[in-house]
file structure_35.cif (mmCIF, C-alpha atoms)
data_coords
#
loop_
_atom_site.group_PDB
_atom_site.id
_atom_site.type_symbol
_atom_site.label_atom_id
_atom_site.label_comp_id
_atom_site.auth_asym_id
_atom_site.auth_seq_id
_atom_site.Cartn_x
_atom_site.Cartn_y
_atom_site.Cartn_z
ATOM 1 C CA MET A 1 -21.924 14.551 8.490
ATOM 2 C CA ALA A 2 -20.981 18.221 8.677
ATOM 3 C CA ILE A 3 -18.231 17.543 11.204
ATOM 4 C CA SER A 4 -16.721 14.652 9.264
ATOM 5 C CA LEU A 5 -16.861 16.628 6.010
ATOM 6 C CA SER A 6 -15.117 19.613 7.572
ATOM 7 C CA VAL A 7 -12.455 17.352 9.124
ATOM 8 C CA VAL A 8 -11.858 15.728 5.737
ATOM 9 C CA LEU A 9 -11.599 19.162 4.129
ATOM 10 C CA LEU A 10 -9.212 20.395 6.828
ATOM 11 C CA LEU A 11 -7.001 17.317 6.555
ATOM 12 C CA GLY A 12 -7.022 17.628 2.758
ATOM 13 C CA ILE A 13 -5.883 21.237 2.975
ATOM 14 C CA ILE A 14 -3.139 20.316 5.443
ATOM 15 C CA LEU A 15 -2.012 17.513 3.134
ATOM 16 C CA VAL A 16 -1.846 19.848 0.120
ATOM 17 C CA VAL A 17 0.119 22.442 2.121
ATOM 18 C CA MET A 18 2.548 19.776 3.330
ATOM 19 C CA ILE A 19 3.087 18.483 -0.211
ATOM 20 C CA ARG A 20 3.612 21.985 -1.608
ATOM 21 C CA SER A 21 6.020 22.989 1.173
ATOM 22 C CA GLY A 22 8.087 19.853 0.676
ATOM 23 C CA SER A 23 7.416 18.501 4.175
ATOM 24 C CA ILE A 24 5.948 15.362 2.667
ATOM 25 C CA LYS A 25 6.441 13.947 -0.791
ATOM 26 C CA PRO A 26 3.466 13.003 -2.994
ATOM 27 C CA GLY A 27 4.219 9.262 -2.789
ATOM 28 C CA PRO A 28 3.953 8.949 1.006
ATOM 29 C CA ALA A 29 0.941 11.276 0.968
ATOM 30 C CA ILE A 30 -0.870 8.964 -1.448
ATOM 31 C CA VAL A 31 0.027 5.950 0.686
ATOM 32 C CA ALA A 32 -1.290 7.718 3.815
ATOM 33 C CA ALA A 33 -4.539 8.681 2.054
ATOM 34 C CA LEU A 34 -5.045 5.138 0.761
ATOM 35 C CA PHE A 35 -4.294 3.736 4.211
ATOM 36 C CA GLY A 36 -7.037 5.925 5.682
ATOM 37 C CA PHE A 37 -9.407 4.973 2.889
ATOM 38 C CA PHE A 38 -8.902 1.246 3.438
ATOM 39 C CA LEU A 39 -8.828 1.554 7.251
ATOM 40 C CA ALA A 40 -12.257 3.228 7.438
ATOM 41 C CA PRO A 41 -14.440 0.164 6.726
ATOM 42 C CA THR A 42 -12.496 -2.078 9.140
ATOM 43 C CA GLY A 43 -13.331 -2.603 12.783
ATOM 44 C CA MET A 44 -11.098 0.317 13.725
ATOM 45 C CA GLY A 45 -13.132 2.805 11.669
ATOM 46 C CA PRO A 46 -15.936 3.381 14.213
ATOM 47 C CA SER A 47 -13.444 3.607 17.099
ATOM 48 C CA ILE A 48 -11.402 6.235 15.278
ATOM 49 C CA ASN A 49 -14.599 8.113 14.417
ATOM 50 C CA ARG A 50 -15.742 8.133 18.073
ATOM 51 C CA PHE A 51 -12.269 9.276 19.176
ATOM 52 C CA MET A 52 -12.298 12.167 16.695
ATOM 53 C CA HIS A 53 -15.819 13.178 17.770
ATOM 54 C CA SER A 54 -14.751 13.215 21.426
ATOM 55 C CA ILE A 55 -11.767 15.422 20.587
ATOM 56 C CA ILE A 56 -13.995 17.779 18.588
ATOM 57 C CA ASP A 57 -16.518 17.913 21.446
ATOM 58 C CA SER A 58 -13.745 18.664 23.943
ATOM 59 C CA ILE A 59 -12.340 21.452 21.777
ATOM 60 C CA SER A 60 -15.768 22.975 21.241
ATOM 61 C CA GLN A 61 -16.333 23.187 25.015
ATOM 62 C CA ILE A 62 -13.209 25.280 25.596
ATOM 63 C CA THR A 63 -14.088 28.852 26.476
ATOM 64 C CA PHE A 64 -11.709 31.767 26.604
#
call {"tool": "encode", "arguments": {"input": "structure_35.cif", "output": "structure tokens"}}
result
Amino acid sequence: MAISLSVVLLLGIILVVMIRSGSIKPGPAIVAALFGFFLAPTGMGPSINRFMHSIIDSISQITF
């Protein structure tokens, strides 16, 4: 839960920055957010979630 909440927060911040900088207009941003919202309960939702968790696990194992 903590990882998914922080990813949602991070993506929300990136979306706001992109809208404010003019990189993306509010209309396409709303469509992208709704697409994600409606995609989550489909069969692809768990696969995307596992993929994101594997990326997060890989990044957390990187040592400098």
call {"tool": "atom_distance", "arguments": {"input": "structure_35.cif", "atom1": "atom CA of Phe51 of chain A", "atom2": "atom CA of Gly36 of chain A"}}
result
14.9 Å
call {"tool": "atom_distance", "arguments": {"input": "structure_35.cif", "atom1": "atom CA of Ile14 of chain A", "atom2": "atom CA of Ser60 of chain A"}}
result
20.4 Å
call {"tool": "atom_distance", "arguments": {"input": "structure_35.cif", "atom1": "atom CA of Leu10 of chain A", "atom2": "atom CA of Val31 of chain A"}}
result
18.2 Å
call {"tool": "build_atoms", "arguments": {"input": "structure_35.cif", "residues": "segment 23-36 of chain A", "atoms": "N, CA, C and O atoms", "output": "short mmCIF file (atom, residue, chain, number, x, y, z; two decimals), in the frame of the given file"}}
result
data_model
loop_
_atom_site.label_atom_id
_atom_site.label_comp_id
_atom_site.auth_asym_id
_atom_site.auth_seq_id
_atom_site.Cartn_x
_atom_site.Cartn_y
_atom_site.Cartn_z
N SER A 23 7.34 19.26 2.92
CA SER A 23 7.42 18.50 4.18
C SER A 23 7.14 17.02 3.95
O SER A 23 7.67 16.17 4.66
N ILE A 24 6.29 16.74 2.99
CA ILE A 24 5.95 15.36 2.67
C ILE A 24 5.90 15.24 1.15
O ILE A 24 5.43 16.13 0.46
N LYS A 25 6.43 14.17 0.66
CA LYS A 25 6.44 13.95 -0.79
C LYS A 25 5.10 13.37 -1.24
O LYS A 25 4.37 12.79 -0.45
N PRO A 26 4.76 13.51 -2.51
CA PRO A 26 3.47 13.00 -2.99
C PRO A 26 3.28 11.49 -2.80
O PRO A 26 2.17 11.04 -2.51
N GLY A 27 4.33 10.72 -2.95
CA GLY A 27 4.22 9.26 -2.79
C GLY A 27 3.74 8.85 -1.41
O GLY A 27 2.74 8.14 -1.27
N PRO A 28 4.44 9.28 -0.34
CA PRO A 28 3.95 8.95 1.01
C PRO A 28 2.58 9.53 1.31
O PRO A 28 1.80 8.93 2.06
N ALA A 29 2.26 10.68 0.75
CA ALA A 29 0.94 11.28 0.97
C ALA A 29 -0.15 10.39 0.36
O ALA A 29 -1.20 10.18 0.98
N ILE A 30 0.10 9.86 -0.81
CA ILE A 30 -0.87 8.96 -1.45
C ILE A 30 -1.03 7.69 -0.63
O ILE A 30 -2.14 7.21 -0.42
N VAL A 31 0.09 7.16 -0.14
CA VAL A 31 0.03 5.95 0.69
C VAL A 31 -0.77 6.22 1.96
O VAL A 31 -1.61 5.41 2.36
N ALA A 32 -0.56 7.37 2.60
CA ALA A 32 -1.29 7.72 3.82
C ALA A 32 -2.78 7.86 3.52
O ALA A 32 -3.62 7.40 4.31
N ALA A 33 -3.13 8.50 2.42
CA ALA A 33 -4.54 8.68 2.05
C ALA A 33 -5.19 7.33 1.76
O ALA A 33 -6.31 7.08 2.20
N LEU A 34 -4.50 6.47 1.05
CA LEU A 34 -5.04 5.14 0.76
C LEU A 34 -5.18 4.31 2.03
O LEU A 34 -6.14 3.56 2.19
N PHE A 35 -4.21 4.45 2.94
CA PHE A 35 -4.29 3.74 4.21
C PHE A 35 -5.55 4.15 4.97
O PHE A 35 -6.28 3.30 5.48
N GLY A 36 -5.83 5.44 5.02
CA GLY A 36 -7.04 5.92 5.68
C GLY A 36 -8.29 5.43 4.99
O GLY A 36 -9.28 5.07 5.63
#
